[in-house]
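Enquirer: There's a structure below that I have some questions on.
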Amino acid sequence: GIPKRFGGFEKAAEDLARNLPKQKFNVYVVCESQLRSHRIKIPGVRLVYFPVIDRIRAISGILYDILSLIWSAFMSVDLVYLFGYSAGLFCLIPRFLGKATVINVDGFEWRRRSFSRLQRFLLKRFEVASSISANYIVCDSRVIEQYFRQRYRVESVFIPYVAPLVSSADETLLERFKLKKEEYYLSVARIEPENNFDLIIAGFKDSKTCRKLVIVGPMGNKRYSQELLKVKDDRVLFLGPIYDRKSIEALRFYCFANIHGHEVGGTNPSLLEALGCSNATLAMDVPFNREVAE
């Protein structure tokens, strides 16, 4: 939804919403109701709200998507664009009622260690359903595109993310975090097992560096986050989520190196944005990250 507070899909949704009206599109964006107080006005865009319950987000998020698809099926819209495939089967509802449907699939969601076995099993089934329920499949990664072609014999549309090259940033913004230029490593991501913060912290501690490790992002998996917070090392700083663009840009631009631990998912905007700041990036060696770095 809008504003972007979660990940790559939300960033893509907001970017589309800001640019499509310039091409004479009328746009509806479905958002989580708890974001209503952060409402942003964008010309040509109407924000629609449905609830998501954080305690049962895995289930509630799917119901949220289903409600959104049912709502869109009965609205005067021509095209429905769904980010993620957890409710992909329900794209058949707007499609049956004459809407063109697009599913922008994510990476290998069923490999995410933050999900239970049941959730991973269901996500695999949802992936299969998405291959037959939409008019079009969109991939943000050539790796995912090849996977859908080989596994499901589905031809998809490849639409990569882009990120700006950053040539300067406000160094004074580091003062609010008590940081200095090139005296810290930076990792920006939701704190989830598949983003490998445990590995990053362990490697950092073994390095005996005098620099700091700054971790920016919301606590996604509570049990995993609580284990990480037990780390007894004054050099490891958890700053929580930071949504101010200029602040996060300054943190990326002036760090000694970015560390990117994502192991699943397609093209990750945080890796792109880190690379756009033109300093060193240490990335987990998986096909997605190799593709983006190249």
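How things are named: the first chain in the structure tokens is A, the next is B, and so on; residues count from 1 in each chain; ligands count from 1 in the order shown.
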Name the residues in contact with region 44-49 of chain A at a cut-off of 12 Å, using only C-alpha atoms, excluding same-chain residues fewer than 4 positions from it; report them as a PyMOL selection string.
Expert: chain A and resi 1-3+13-40+64-65+67-68+71-72+75
Enquirer: Residues of the last selection are to be written out with C-alpha atoms, as a JSON list (two decimals), in the first residue's frame.
Expert:
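Saved the output as part.json:
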[["chain", "number", "residue", "atom", "x", "y", "z"],
["A", 1, "GLY", "CA", 0.00, 0.00, 0.00],
["A", 2, "ILE", "CA", 0.87, 3.67, 0.30],
["A", 3, "PRO", "CA", 3.01, 4.96, 1.96],
["A", 13, "ALA", "CA", 3.01, 0.19, -6.00],
["A", 14, "GLU", "CA", 3.77, 3.74, -4.88],
["A", 15, "ASP", "CA", 6.03, 4.41, -7.88],
["A", 16, "LEU", "CA", 3.32, 3.16, -10.25],
["A", 17, "ALA", "CA", 0.69, 5.25, -8.48],
["A", 18, "ARG", "CA", 2.79, 8.39, -8.84],
["A", 19, "ASN", "CA", 3.54, 7.83, -12.52],
["A", 20, "LEU", "CA", 0.50, 6.16, -14.12],
["A", 21, "PRO", "CA", -1.82, 9.20, -13.66],
["A", 22, "LYS", "CA", 0.68, 11.23, -15.72],
["A", 23, "GLN", "CA", -0.23, 8.85, -18.58],
["A", 24, "LYS", "CA", -3.99, 9.49, -18.08],
["A", 25, "PHE", "CA", -4.67, 6.42, -15.92],
["A", 26, "ASN", "CA", -7.06, 6.54, -12.97],
["A", 27, "VAL", "CA", -5.55, 4.43, -10.20],
["A", 28, "TYR", "CA", -6.91, 2.73, -7.08],
["A", 29, "VAL", "CA", -4.40, 1.44, -4.52],
["A", 30, "VAL", "CA", -5.45, -0.89, -1.72],
["A", 31, "CYS", "CA", -3.74, -0.08, 1.59],
["A", 32, "GLU", "CA", -3.71, -1.46, 5.13],
["A", 33, "SER", "CA", -6.21, 0.40, 7.31],
["A", 34, "GLN", "CA", -3.60, 1.09, 10.01],
["A", 35, "LEU", "CA", -1.81, 3.33, 7.46],
["A", 36, "ARG", "CA", -4.85, 5.61, 7.15],
["A", 37, "SER", "CA", -3.29, 8.14, 9.55],
["A", 38, "HIS", "CA", -0.29, 8.40, 7.18],
["A", 39, "ARG", "CA", -2.51, 9.13, 4.19],
["A", 40, "ILE", "CA", -0.75, 10.75, 1.23],
["A", 64, "TYR", "CA", -6.74, -8.77, 2.78],
["A", 65, "ASP", "CA", -5.69, -9.69, -0.77],
["A", 67, "LEU", "CA", -11.07, -8.82, -0.15],
["A", 68, "SER", "CA", -9.14, -6.49, -2.44],
["A", 71, "TRP", "CA", -13.73, -5.40, -4.33],
["A", 72, "SER", "CA", -11.89, -4.74, -7.59],
["A", 75, "MET", "CA", -15.50, -1.77, -9.49]]
Enquirer: Just the residues within 9 Å of Arg5 (chain A), please, counting only C-alpha atoms, with nothing from its chain fewer than 6 positions along; format it as an MDAnalysis selection string.
Expert: chainID A and resid 11 241 243
Enquirer: Write out as an mmCIF file with C-alpha atoms, in the first residue's frame all residues of region 57-292 of chain A that DSSP puts in helix (DSSP H, G or I) for this structure's backbone.
Expert:
data_model
loop_
_atom_site.group_PDB
_atom_site.id
_atom_site.type_symbol
_atom_site.label_atom_id
_atom_site.label_comp_id
_atom_site.auth_asym_id
_atom_site.auth_seq_id
_atom_site.Cartn_x
_atom_site.Cartn_y
_atom_site.Cartn_z
ATOM 1 C CA ARG A 57 -0.477 -11.433 9.516
ATOM 2 C CA ALA A 58 0.224 -14.604 7.516
ATOM 3 C CA ILE A 59 -3.508 -15.426 7.367
ATOM 4 C CA SER A 60 -4.828 -11.886 7.599
ATOM 5 C CA GLY A 61 -2.628 -10.775 4.700
ATOM 6 C CA ILE A 62 -4.158 -13.391 2.418
ATOM 7 C CA LEU A 63 -7.695 -12.394 3.447
ATOM 8 C CA TYR A 64 -6.737 -8.769 2.777
ATOM 9 C CA ASP A 65 -5.693 -9.692 -0.765
ATOM 10 C CA ILE A 66 -8.865 -11.717 -1.341
ATOM 11 C CA LEU A 67 -11.069 -8.820 -0.149
ATOM 12 C CA SER A 68 -9.145 -6.491 -2.435
ATOM 13 C CA LEU A 69 -9.676 -8.754 -5.444
ATOM 14 C CA ILE A 70 -13.397 -9.174 -4.742
ATOM 15 C CA TRP A 71 -13.728 -5.399 -4.328
ATOM 16 C CA SER A 72 -11.887 -4.737 -7.593
ATOM 17 C CA ALA A 73 -14.015 -7.289 -9.443
ATOM 18 C CA GLY A 88 -3.452 -15.540 -6.877
ATOM 19 C CA LEU A 89 -6.198 -18.122 -7.326
ATOM 20 C CA PHE A 90 -8.782 -15.438 -6.508
ATOM 21 C CA CYS A 91 -7.670 -13.425 -9.551
ATOM 22 C CA LEU A 92 -10.176 -15.684 -11.305
ATOM 23 C CA ILE A 93 -12.990 -13.567 -9.764
ATOM 24 C CA PRO A 94 -12.147 -10.241 -11.474
ATOM 25 C CA ARG A 95 -10.995 -12.142 -14.558
ATOM 26 C CA PHE A 96 -14.380 -13.919 -14.794
ATOM 27 C CA GLU A 109 8.307 -17.475 -1.072
ATOM 28 C CA TRP A 110 7.952 -21.116 -0.070
ATOM 29 C CA ARG A 111 11.658 -21.157 0.861
ATOM 30 C CA ARG A 117 5.976 -25.863 7.160
ATOM 31 C CA LEU A 118 2.252 -25.466 6.569
ATOM 32 C CA GLN A 119 2.694 -21.928 5.287
ATOM 33 C CA ARG A 120 5.494 -22.993 2.960
ATOM 34 C CA PHE A 121 3.358 -25.885 1.672
ATOM 35 C CA LEU A 122 0.442 -23.522 0.982
ATOM 36 C CA LEU A 123 2.682 -20.925 -0.673
ATOM 37 C CA LYS A 124 3.936 -23.579 -3.073
ATOM 38 C CA ARG A 125 0.312 -24.391 -3.992
ATOM 39 C CA PHE A 126 -0.428 -20.661 -4.392
ATOM 40 C CA GLU A 127 2.496 -20.383 -6.782
ATOM 41 C CA VAL A 128 1.033 -23.171 -8.918
ATOM 42 C CA ALA A 129 -2.392 -21.464 -8.871
ATOM 43 C CA SER A 130 -0.918 -18.125 -9.936
ATOM 44 C CA SER A 131 0.519 -19.726 -13.067
ATOM 45 C CA ILE A 132 -3.003 -20.417 -14.375
ATOM 46 C CA SER A 133 -5.261 -17.769 -12.814
ATOM 47 C CA ARG A 142 15.364 -13.191 -14.998
ATOM 48 C CA VAL A 143 15.948 -16.053 -12.550
ATOM 49 C CA ILE A 144 12.243 -16.138 -11.647
ATOM 50 C CA GLU A 145 11.239 -15.695 -15.286
ATOM 51 C CA GLN A 146 13.295 -18.747 -16.261
ATOM 52 C CA TYR A 147 11.880 -20.731 -13.328
ATOM 53 C CA PHE A 148 8.240 -20.081 -14.353
ATOM 54 C CA ARG A 149 9.065 -20.947 -17.965
ATOM 55 C CA GLN A 150 10.720 -24.248 -17.074
ATOM 56 C CA ARG A 151 8.447 -25.293 -14.194
ATOM 57 C CA TYR A 152 5.030 -24.197 -15.454
ATOM 58 C CA GLU A 171 26.295 14.200 5.864
ATOM 59 C CA THR A 172 24.848 16.175 8.797
ATOM 60 C CA LEU A 173 21.969 13.682 8.959
ATOM 61 C CA LEU A 174 24.412 11.139 10.413
ATOM 62 C CA GLU A 175 24.630 13.224 13.578
ATOM 63 C CA ARG A 176 21.141 12.199 14.735
ATOM 64 C CA PHE A 177 22.349 8.576 14.763
ATOM 65 C CA PRO A 193 15.679 -15.410 9.186
ATOM 66 C CA GLU A 194 16.003 -15.482 5.372
ATOM 67 C CA ASN A 195 17.781 -12.112 5.494
ATOM 68 C CA PHE A 197 21.192 -11.151 10.209
ATOM 69 C CA ASP A 198 22.488 -13.892 12.518
ATOM 70 C CA LEU A 199 25.179 -14.719 9.948
ATOM 71 C CA ILE A 200 25.971 -11.035 9.378
ATOM 72 C CA ILE A 201 26.347 -10.345 13.104
ATOM 73 C CA ALA A 202 28.438 -13.474 13.705
ATOM 74 C CA GLY A 203 30.801 -12.560 10.861
ATOM 75 C CA PHE A 204 30.991 -8.973 12.050
ATOM 76 C CA LYS A 205 31.893 -10.018 15.605
ATOM 77 C CA ASP A 206 34.587 -12.408 14.338
ATOM 78 C CA SER A 207 36.146 -9.631 12.257
ATOM 79 C CA LYS A 222 9.623 -11.683 16.737
ATOM 80 C CA ARG A 223 11.373 -14.816 18.005
ATOM 81 C CA TYR A 224 14.271 -14.311 15.597
ATOM 82 C CA SER A 225 14.477 -10.600 16.432
ATOM 83 C CA GLN A 226 14.547 -11.275 20.171
ATOM 84 C CA GLU A 227 17.470 -13.677 19.730
ATOM 85 C CA LEU A 228 19.414 -11.069 17.774
ATOM 86 C CA LEU A 229 18.733 -8.390 20.390
ATOM 87 C CA ARG A 245 14.278 8.986 2.286
ATOM 88 C CA LYS A 246 17.027 11.544 2.885
ATOM 89 C CA SER A 247 18.125 9.868 6.119
ATOM 90 C CA ILE A 248 18.327 6.381 4.636
ATOM 91 C CA GLU A 249 20.118 7.806 1.583
ATOM 92 C CA ALA A 250 22.720 9.472 3.827
ATOM 93 C CA LEU A 251 23.220 6.267 5.813
ATOM 94 C CA ARG A 252 23.827 4.308 2.605
ATOM 95 C CA PHE A 253 26.010 6.951 0.978
ATOM 96 C CA TYR A 254 28.417 7.425 3.888
ATOM 97 C CA PRO A 269 15.166 -2.656 -4.167
ATOM 98 C CA SER A 270 17.341 -2.225 -1.069
ATOM 99 C CA LEU A 271 20.250 -3.917 -2.891
ATOM 100 C CA LEU A 272 19.685 -1.738 -5.968
ATOM 101 C CA GLU A 273 19.570 1.421 -3.858
ATOM 102 C CA ALA A 274 22.726 0.418 -1.996
ATOM 103 C CA LEU A 275 24.536 -0.150 -5.301
ATOM 104 C CA GLY A 276 23.241 3.221 -6.492
ATOM 105 C CA PRO A 287 21.445 -16.093 -8.159
ATOM 106 C CA PHE A 288 19.095 -13.153 -7.466
ATOM 107 C CA ASN A 289 21.821 -10.994 -5.939
ATOM 108 C CA ARG A 290 24.329 -11.914 -8.653
ATOM 109 C CA GLU A 291 21.804 -10.865 -11.292
ATOM 110 C CA VAL A 292 21.129 -7.502 -9.616
#
Enquirer: Please, what distance in Å, to one decimal, runs between CA of Val138 (chain A) and CA of Pro43 (chain A)?
Expert: 25.9 Å
Enquirer: My list of candidates is A:Val102, A:Val236, A:Leu97, A:Ala169. Which is closest to Ser76 (chain A) when distances are computed with only C-alpha atoms?
Expert: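 Looking at the shortest contact to Ser76 (chain A), the residue is A:Leu97.
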Enquirer: What separation in Å, quoted to one decimal, exists between CA of Ser187 (chain A) and CA of Phe108 (chain A)?
Expert: 21.6 Å
Enquirer: Write out as an MDAnalysis selection string the residues lying within 6 Å of Ile259 (chain A), counting only C-alpha atoms and excluding same-chain residues fewer than 4 positions away.
Expert: chainID A and resid 186:187 281:283
Enquirer: Which residue, A:Asn196, A:Thr209, A:Asn268, A:Asn104, has the smallest gap to Ala87 (chain A) when you use only C-alpha atoms?
Expert: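 Result for the nearest residue to Ala87 (chain A): A:Asn104.
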Enquirer: Would you mind reading off the distance between CA of Ser156 (chain A) and CA of Ile137 (chain A), one decimal, in Å?
Expert: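 Result for CA of Ser156 (chain A) versus CA of Ile137 (chain A): 4.8 Å, one decimal.
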Enquirer: Go through region 14-188 of chain A and collect every residue that DSSP, computed from the backbone, puts in strand (DSSP E); the answer should be as a count of residues only.
Expert: 33
Enquirer: Which residue out of A:Glu192, A:Val231, A:Phe256, A:Gly98 has the minimum interatomic distance to Cys210 (chain A) when only C-alpha atoms are used?
Expert: A:Phe256
Enquirer: Between A:Cys139, A:Thr101, A:Phe238, A:Asp170, which has the minimum distance to Glu155 (chain A) (counting only C-alpha atoms)?
Expert: A:Cys139
